[in-house]
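Student: So here's upload_1.cif (mmCIF, C-alpha atoms).
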```
data_work
#
loop_
_atom_site.label_atom_id
_atom_site.label_comp_id
_atom_site.auth_asym_id
_atom_site.auth_seq_id
_atom_site.Cartn_x
_atom_site.Cartn_y
_atom_site.Cartn_z
CA MET A 1 41.25 4.36 92.50
CA SER A 2 42.67 7.85 92.45
CA ALA A 3 40.28 10.54 93.63
CA THR A 4 41.74 12.88 91.04
CA HIS A 5 40.04 10.94 88.24
CA PRO A 6 36.37 10.83 89.25
CA ALA A 7 35.12 9.63 85.88
CA SER A 8 37.34 6.55 85.87
CA ALA A 9 35.10 4.37 88.02
CA SER A 10 31.46 3.48 88.25
CA PRO A 11 29.48 2.63 91.41
CA ALA A 12 29.56 -1.05 90.44
CA THR A 13 33.33 -1.24 90.09
CA SER A 14 34.77 1.40 92.41
CA LYS A 15 36.84 0.43 95.44
CA LEU A 16 35.48 3.21 97.63
CA ALA A 17 35.34 2.14 101.25
CA GLY A 18 31.82 1.94 102.61
CA ILE A 19 30.77 3.06 106.08
CA PRO A 20 30.48 0.07 108.44
CA GLY A 21 26.84 -0.68 109.24
CA ILE A 22 25.34 1.58 106.55
CA ARG A 23 23.62 -0.22 103.67
CA HIS A 24 22.95 2.72 101.35
CA ILE A 25 23.99 6.39 101.16
CA ILE A 26 22.11 8.90 99.02
CA ALA A 27 22.94 12.54 98.40
CA VAL A 28 20.31 15.28 98.21
CA ALA A 29 21.60 18.25 96.24
CA SER A 30 20.55 21.42 94.45
CA GLY A 31 22.13 23.60 91.84
CA LYS A 32 21.49 26.73 93.88
CA GLY A 33 20.43 27.78 97.36
CA GLY A 34 16.95 28.78 98.45
CA VAL A 35 15.06 25.93 96.80
CA GLY A 36 14.22 24.06 100.01
CA LYS A 37 16.83 21.32 99.73
CA SER A 38 17.47 20.98 103.47
CA THR A 39 13.77 20.91 104.34
CA THR A 40 13.31 18.26 101.66
CA SER A 41 16.29 16.25 102.99
CA CYS A 42 14.91 16.36 106.51
CA ASN A 43 11.43 15.22 105.52
CA LEU A 44 12.76 12.56 103.17
CA ALA A 45 14.84 11.11 106.02
CA LEU A 46 11.69 11.08 108.16
CA GLY A 47 9.82 9.55 105.23
CA PHE A 48 12.29 6.66 105.17
CA ALA A 49 11.79 6.22 108.91
CA ALA A 50 8.01 6.27 108.38
CA ILE A 51 8.24 3.21 106.12
CA GLY A 52 10.12 1.31 108.78
CA LEU A 53 13.78 1.92 107.91
CA LYS A 54 16.72 2.72 110.18
CA VAL A 55 17.80 6.19 109.05
CA GLY A 56 20.51 8.77 109.58
CA ILE A 57 21.08 12.20 108.07
CA LEU A 58 24.41 13.95 107.59
CA ASP A 59 24.27 17.71 107.25
CA ALA A 60 27.19 18.29 104.87
CA ASP A 61 26.32 21.97 104.31
CA VAL A 62 29.23 23.24 106.39
CA TYR A 63 28.65 26.92 105.60
CA GLY A 64 24.90 26.87 106.27
CA PRO A 65 23.94 23.89 108.46
CA SER A 66 20.15 23.63 108.79
CA GLN A 67 19.42 20.17 110.19
CA PRO A 68 19.83 21.09 113.90
CA LYS A 69 17.11 23.73 113.47
CA LEU A 70 14.88 21.50 111.36
CA PHE A 71 15.07 18.62 113.86
CA GLY A 72 14.83 20.93 116.88
CA LEU A 73 18.14 19.67 118.27
CA ARG A 74 20.60 21.54 120.49
CA GLY A 75 23.76 20.64 122.35
CA LYS A 76 26.94 18.83 121.36
CA PRO A 77 27.41 15.17 120.45
CA ARG A 78 29.03 12.89 123.01
CA LEU A 79 32.58 11.74 122.34
CA LEU A 80 32.91 7.96 122.33
CA GLY A 81 36.49 6.96 122.97
CA SER A 82 39.21 9.15 121.52
CA ARG A 83 37.74 10.00 118.10
CA MET A 84 34.20 8.76 117.47
CA LEU A 85 31.19 11.03 117.96
CA GLU A 86 27.74 9.83 118.91
CA PRO A 87 25.11 11.31 116.59
CA MET A 88 22.17 13.20 118.01
CA GLU A 89 18.76 11.61 117.53
CA ARG A 90 15.16 12.77 117.23
CA PHE A 91 12.00 11.36 115.67
CA GLY A 92 13.86 8.08 115.20
CA VAL A 93 16.53 9.61 112.90
CA LYS A 94 20.22 9.90 113.78
CA VAL A 95 21.59 13.36 112.94
CA MET A 96 25.10 14.76 112.56
CA SER A 97 25.91 18.36 111.61
CA ILE A 98 28.72 20.87 111.96
CA GLY A 99 25.99 23.00 113.52
CA PHE A 100 26.30 20.91 116.70
CA LEU A 101 30.00 21.71 116.98
CA VAL A 102 30.09 25.48 116.47
CA GLU A 103 28.10 28.39 117.82
CA GLU A 104 24.99 29.22 115.79
CA ASP A 105 26.13 32.76 114.96
CA ASN A 106 29.68 31.82 113.97
CA ALA A 107 30.64 32.27 110.33
CA MET A 108 32.44 29.24 108.87
CA ILE A 109 35.33 30.94 107.08
CA TRP A 110 36.94 27.77 105.82
CA ARG A 111 38.80 26.95 102.65
CA GLY A 112 38.13 23.83 100.61
CA PRO A 113 40.55 21.43 102.38
CA MET A 114 39.02 22.25 105.78
CA VAL A 115 35.52 21.64 104.43
CA ILE A 116 36.62 18.31 102.95
CA SER A 117 38.23 17.26 106.24
CA ALA A 118 35.11 18.20 108.25
CA ILE A 119 32.76 16.27 105.95
CA THR A 120 35.03 13.22 105.95
CA GLN A 121 35.20 13.22 109.75
CA MET A 122 31.44 13.63 110.15
CA LEU A 123 30.93 10.75 107.74
CA ARG A 124 33.55 8.29 108.96
CA GLU A 125 34.18 9.23 112.61
CA VAL A 126 30.57 9.06 113.78
CA ALA A 127 29.07 6.01 115.47
CA TRP A 128 26.16 5.66 113.05
CA GLY A 129 25.45 2.07 114.03
CA ASP A 130 23.34 -0.07 111.71
CA LEU A 131 21.42 2.03 109.19
CA ASP A 132 19.38 1.06 106.16
CA ILE A 133 20.00 4.46 104.63
CA LEU A 134 22.02 7.61 105.29
CA VAL A 135 20.72 10.81 103.70
CA VAL A 136 23.42 13.41 102.97
CA ASP A 137 22.20 17.00 102.77
CA LEU A 138 24.78 18.58 100.45
CA PRO A 139 25.38 22.31 100.14
CA PRO A 140 24.09 23.99 96.97
CA GLY A 141 26.28 24.11 93.89
CA THR A 142 28.95 21.84 92.45
CA GLY A 143 32.01 22.47 94.58
CA ASP A 144 34.37 20.72 96.99
CA ALA A 145 31.72 19.15 99.21
CA GLN A 146 29.90 17.52 96.32
CA LEU A 147 33.09 16.22 94.72
CA THR A 148 34.38 14.91 98.04
CA MET A 149 31.17 13.00 98.66
CA ALA A 150 31.09 11.59 95.12
CA GLN A 151 34.75 10.61 95.04
CA GLN A 152 35.20 9.26 98.57
CA THR A 153 31.83 7.65 99.30
CA PRO A 154 30.03 4.78 97.54
CA LEU A 155 26.81 6.68 96.87
CA ALA A 156 23.74 4.69 95.87
CA GLY A 157 22.64 7.78 93.97
CA ALA A 158 21.70 11.44 94.09
CA VAL A 159 18.45 13.40 94.22
CA ILE A 160 18.22 16.94 92.84
CA VAL A 161 15.77 19.44 94.36
CA SER A 162 14.66 22.41 92.26
CA THR A 163 11.89 24.96 92.09
CA PRO A 164 9.98 25.05 88.78
CA GLN A 165 11.26 28.29 87.29
CA ASP A 166 13.90 28.44 84.56
CA ILE A 167 16.49 30.29 86.67
CA ALA A 168 16.57 27.41 89.18
CA LEU A 169 16.45 24.68 86.55
CA ILE A 170 19.55 26.10 84.82
CA ASP A 171 21.52 25.39 88.00
CA ALA A 172 19.78 22.04 88.54
CA ARG A 173 21.13 20.94 85.14
CA ARG A 174 24.65 21.66 86.34
CA GLY A 175 24.08 19.47 89.38
CA ILE A 176 22.74 16.64 87.23
CA GLU A 177 25.72 16.85 84.89
CA MET A 178 28.20 16.92 87.78
CA PHE A 179 26.85 13.67 89.21
CA ARG A 180 26.84 12.10 85.77
CA LYS A 181 30.49 13.03 85.22
CA VAL A 182 31.49 11.34 88.48
CA ASN A 183 29.32 8.30 87.69
CA VAL A 184 26.84 8.72 90.54
CA PRO A 185 23.39 7.42 89.53
CA MET A 186 20.64 10.03 89.30
CA LEU A 187 17.75 8.78 91.41
CA GLY A 188 15.48 11.61 90.34
CA LEU A 189 14.33 15.20 90.44
CA ILE A 190 11.91 16.77 92.94
CA GLU A 191 9.96 19.93 92.18
CA ASN A 192 9.75 21.94 95.41
CA MET A 193 7.50 24.98 96.03
CA SER A 194 5.56 23.69 93.05
CA SER A 195 2.41 25.73 93.64
CA PHE A 196 0.69 27.77 96.35
CA CYS A 197 -2.85 27.08 97.54
CA CYS A 198 -4.39 30.09 99.29
CA PRO A 199 -5.71 28.93 102.70
CA ALA A 200 -8.49 31.53 102.54
CA CYS A 201 -9.99 30.83 99.10
CA ASN A 202 -8.26 27.58 98.01
CA HIS A 203 -7.11 29.22 94.78
CA VAL A 204 -3.91 27.59 93.46
CA THR A 205 -1.24 30.01 92.21
CA PRO A 206 1.99 28.77 90.55
CA ILE A 207 4.19 31.45 92.10
CA PHE A 208 7.40 29.92 90.75
CA GLY A 209 5.73 28.30 87.77
CA HIS A 210 4.66 24.68 87.65
CA GLY A 211 5.86 21.51 85.94
CA GLY A 212 9.32 22.75 84.97
CA ALA A 213 11.09 20.00 86.92
CA ARG A 214 8.91 17.30 85.36
CA ILE A 215 9.77 18.54 81.86
CA GLU A 216 13.46 18.76 82.80
CA ALA A 217 13.44 15.20 84.16
CA GLU A 218 11.78 13.88 81.01
CA THR A 219 14.25 15.78 78.81
CA ARG A 220 17.23 14.45 80.75
CA GLY A 221 15.90 10.91 80.98
CA ILE A 222 15.86 10.74 84.78
CA PRO A 223 13.00 9.83 87.12
CA TYR A 224 10.58 12.55 88.18
CA LEU A 225 9.87 11.87 91.85
CA GLY A 226 7.03 14.33 92.44
CA GLU A 227 6.18 17.82 93.57
CA ILE A 228 5.97 19.49 96.97
CA PRO A 229 3.79 22.61 97.28
CA LEU A 230 4.69 25.97 98.77
CA ASP A 231 2.70 25.75 101.97
CA ILE A 232 2.74 27.55 105.30
CA ALA A 233 2.40 24.30 107.27
CA ILE A 234 5.70 23.02 105.88
CA ARG A 235 7.40 26.33 106.68
CA GLN A 236 5.97 26.58 110.21
CA THR A 237 6.78 23.03 111.23
CA SER A 238 10.31 23.40 109.83
CA ASP A 239 10.96 26.63 111.72
CA ASP A 240 9.57 25.07 114.91
CA GLY A 241 11.87 22.06 114.70
CA ARG A 242 8.85 19.80 114.29
CA PRO A 243 9.04 18.60 110.66
CA ILE A 244 5.71 17.84 109.06
CA VAL A 245 6.41 14.17 108.32
CA ALA A 246 7.18 13.55 112.01
CA THR A 247 4.41 15.63 113.57
CA ASP A 248 1.58 15.33 111.03
CA PRO A 249 2.31 12.12 109.09
CA ASP A 250 -1.26 11.77 107.83
CA SER A 251 -1.30 15.21 106.19
CA VAL A 252 -1.35 15.52 102.41
CA HIS A 253 2.12 17.09 102.36
CA ALA A 254 3.69 14.47 104.64
CA LYS A 255 2.27 11.71 102.46
CA ARG A 256 4.04 13.22 99.44
CA TYR A 257 7.42 13.07 101.17
CA ILE A 258 6.73 9.51 102.32
CA ASP A 259 5.70 8.49 98.81
CA ILE A 260 8.95 9.91 97.39
CA ALA A 261 10.94 8.08 100.09
CA ARG A 262 9.16 4.85 99.15
CA GLN A 263 9.98 5.40 95.45
CA LEU A 264 13.64 6.02 96.26
CA TRP A 265 13.91 2.96 98.47
CA ALA A 266 12.38 0.77 95.77
CA SER A 267 14.73 2.26 93.16
CA ILE A 268 17.84 1.74 95.26
CA ASN A 269 17.03 -1.87 96.06
CA THR A 270 16.01 -2.66 92.49
CA ASP A 271 19.35 -1.32 91.28
CA VAL A 272 21.24 -3.36 93.86
CA ALA A 273 19.29 -6.52 93.11
CA SER A 274 19.78 -6.15 89.35
CA LYS A 275 23.57 -5.93 89.52
CA PRO A 276 25.24 -9.18 88.44
CA PRO A 277 27.17 -11.05 91.13
CA PRO A 278 30.95 -10.63 91.08
CA ARG A 279 32.90 -13.14 89.03
CA ILE A 280 35.28 -15.38 90.92
CA VAL A 281 38.44 -15.97 88.93
CA ILE A 282 40.84 -18.74 90.00
CA GLU A 283 44.29 -18.34 88.58
#
```
What is this file in structure tokens?

Tutor:
Amino acid sequence: MSATHPASASPATSKLAGIPGIRHIIAVASGKGGVGKSTTSCNLALGFAAIGLKVGILDADVYGPSQPKLFGLRGKPRLLGSRMLEPMERFGVKVMSIGFLVEEDNAMIWRGPMVISAITQMLREVAWGDLDILVVDLPPGTGDAQLTMAQQTPLAGAVIVSTPQDIALIDARRGIEMFRKVNVPMLGLIENMSSFCCPACNHVTPIFGHGGARIEAETRGIPYLGEIPLDIAIRQTSDDGRPIVATDPDSVHAKRYIDIARQLWASINTDVASKPPPRIVIE
């Protein structure tokens, strides 16, 4: 299959080479930045681990890597042999990010081909081992990184993260359409920062609106996976490198991430189980 014709193959028929040891790969994306995609990716990965799966996360946001901060990880991965890198690990999740390989304050002034090369290396030259699922935290938008992942990786599907307001949903639609054009299944839409509950008076305020992602999912005919509130506990634990699903798994917010992870896992495995077996033709 030529990577220059992304719409010519479907996940069931493509000849994209998988990653040895990894059963499923899902992409978490957003149409624009600032909607909490990386925090969602981190907690979803931890949600998969919470339901007993072997999990890794690839931080493919080369220009703004967030996973080292979210997982509270520092240092550089060990080199195994001449090319393979050993992923970092915390809270039972294997993590790889360009943030481990460059200084935190360095600006990544890279053109598209360099970004594509970096993502490909982090995906295929990392000793992931046996994983049930690899979560890929994509950069916002619909550029080189997204196309590279869709065209060169057998994705089980994609998840779009959006805040409820119209200005974010406009860009979310572009992300949905991009994945559809490259024949990557849409696993669903998550509404992040859905509402704010005042810790002093318990009054709920829809700062960014409420329910926009649900309506968008229904309109587009894709699953609505749920909503995550705008809450100081999620922000604090993320900034501290102690994500809420790992450090407070019984909290209301952690349970929402875990529930979404459970939905996604069920969806992925249902899709795999429902595919017909390949035909054997003897000539």

Student: Name all residues at most 9 Å from range 128-133 of chain A (count only C-alpha atoms; drop same-chain ones fewer than 5 positions away) and give them as a PyMOL selection string.

Tutor: chain A and resi 19-26+45+48+53-57+85-87+94-95+123+265

Student: Go ahead and compute the interatomic distance for CA of Ala261 in chain A and CA of Arg214 in chain A, in Å to one decimal.

Tutor: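 Separation of CA of Ala261 in chain A and CA of Arg214 in chain A: 17.5 Å.
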
Student: With a distance cut-off of 8 Å and only C-alpha atoms, select the neighbouring residues of Pro140 in chain A, excluding the residue or stretch itself and same-chain residues fewer than 4 positions from it, and output the selection as a list of chain:residue names.

Tutor: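 Selected residues are A:Ala29, A:Ser30, A:Gly31, A:Lys32, A:Gly33, A:Asp61.
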
Student: Of the candidates A:Leu70, A:Ile215, A:Val135, A:Ala127, which one gets nearest to Gly36 in chain A if we count all atoms listed in the file?

Tutor: A:Leu70

Student: Find the residues near Arg74 in chain A: any atom within 9 Å, counting only C-alpha atoms, skip ones fewer than 6 places away on the same chain, and give them as a list in words.

Tutor: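 My list of contacting residues is Pro68, Met88, Gly99 and Phe100 of chain A.
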
Student: Skip Met84 in chain A itself and residues of its chain fewer than 5 positions away, then list as a ChimeraX atom specification all residues within 10 Å of it, counting all atoms listed in the file.

Tutor: /A:77-79,121-122,124-128

Student: Please measure the separation of CA of Val115 in chain A and CA of Ser66 in chain A, giving the value in Å to one decimal.

Tutor: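 Interatomic distance, CA of Val115 in chain A to CA of Ser66 in chain A: 16.1 Å.
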
Student: Report as number ranges by chain all protein, DNA and RNA residues lying within 12 Å of range 166-173 of chain A, evaluated on all atoms listed in the file, omitting residues in the same chain fewer than 6 positions from it.

Tutor: A: 28-37, 140-142, 159-160, 179-180, 186, 188-193, 208-217, 219-220, 222

Student: To test your reading of the syntax: which residues would the PyMOL selection byres ((chain A and resi 44) around 10) return for the file shown? Reply as JSON, numbers by chain.

Tutor: {"A": [28, 38, 39, 40, 41, 42, 43, 45, 46, 47, 48, 49, 50, 57, 135, 245, 254, 256, 257, 258, 259, 260, 261, 262, 264]}

Student: Those selected residues, please, written with C-alpha atoms and delivered as a PDB file, in the coordinates of the input.

Tutor:
```pdb
ATOM      1  CA  VAL A  28      20.310  15.280  98.210  1.00  0.00           C
ATOM      2  CA  SER A  38      17.470  20.980 103.470  1.00  0.00           C
ATOM      3  CA  THR A  39      13.770  20.910 104.340  1.00  0.00           C
ATOM      4  CA  THR A  40      13.310  18.260 101.660  1.00  0.00           C
ATOM      5  CA  SER A  41      16.290  16.250 102.990  1.00  0.00           C
ATOM      6  CA  CYS A  42      14.910  16.360 106.510  1.00  0.00           C
ATOM      7  CA  ASN A  43      11.430  15.220 105.520  1.00  0.00           C
ATOM      8  CA  ALA A  45      14.840  11.110 106.020  1.00  0.00           C
ATOM      9  CA  LEU A  46      11.690  11.080 108.160  1.00  0.00           C
ATOM     10  CA  GLY A  47       9.820   9.550 105.230  1.00  0.00           C
ATOM     11  CA  PHE A  48      12.290   6.660 105.170  1.00  0.00           C
ATOM     12  CA  ALA A  49      11.790   6.220 108.910  1.00  0.00           C
ATOM     13  CA  ALA A  50       8.010   6.270 108.380  1.00  0.00           C
ATOM     14  CA  ILE A  57      21.080  12.200 108.070  1.00  0.00           C
ATOM     15  CA  VAL A 135      20.720  10.810 103.700  1.00  0.00           C
ATOM     16  CA  VAL A 245       6.410  14.170 108.320  1.00  0.00           C
ATOM     17  CA  ALA A 254       3.690  14.470 104.640  1.00  0.00           C
ATOM     18  CA  ARG A 256       4.040  13.220  99.440  1.00  0.00           C
ATOM     19  CA  TYR A 257       7.420  13.070 101.170  1.00  0.00           C
ATOM     20  CA  ILE A 258       6.730   9.510 102.320  1.00  0.00           C
ATOM     21  CA  ASP A 259       5.700   8.490  98.810  1.00  0.00           C
ATOM     22  CA  ILE A 260       8.950   9.910  97.390  1.00  0.00           C
ATOM     23  CA  ALA A 261      10.940   8.080 100.090  1.00  0.00           C
ATOM     24  CA  ARG A 262       9.160   4.850  99.150  1.00  0.00           C
ATOM     25  CA  LEU A 264      13.640   6.020  96.260  1.00  0.00           C
TER      26      LEU A 264
END
```

Student: Between A:Phe71, A:Phe196, A:Tyr63, A:Tyr224, single out the one closest to Ser162 in chain A, counting all atoms listed in the file.

Tutor: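 Ranked by minimum distance to Ser162 in chain A, first place goes to A:Tyr224.
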
Student: Running the PyMOL selection byres ((chain A and resi 233) around 12) on this model by hand, what would come out? Give it as an NGL selection string.

Tutor: :A and (196-199 or 228-232 or 234-240 or 242-245 or 247-248 or 251-254)

Student: Evaluate the PyMOL selection byres ((chain A and resi 59) around 8) on the structure here and hand back the selected residues as an NGL selection string.

Tutor: :A and (57-58 or 60-62 or 65-67 or 95-98 or 136-138)

Student: Quick one: pull the distance between CA of Ala17 in chain A and CA of Pro154 in chain A, Å, one decimal.

Tutor: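 Separation between CA of Ala17 in chain A and CA of Pro154 in chain A: 7.0 Å.
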
Student: Report the centre and edge lengths, in Å to one decimal, of an axis-aligned box enclosing every atom of range 114-120 of chain A listed in the file, padded by 8 Å on each side, as lines of an AutoDock Vina configuration file.

Tutor:
```
center_x = 35.9
center_y = 17.7
center_z = 105.6
size_x = 22.3
size_y = 25.0
size_z = 21.3
```
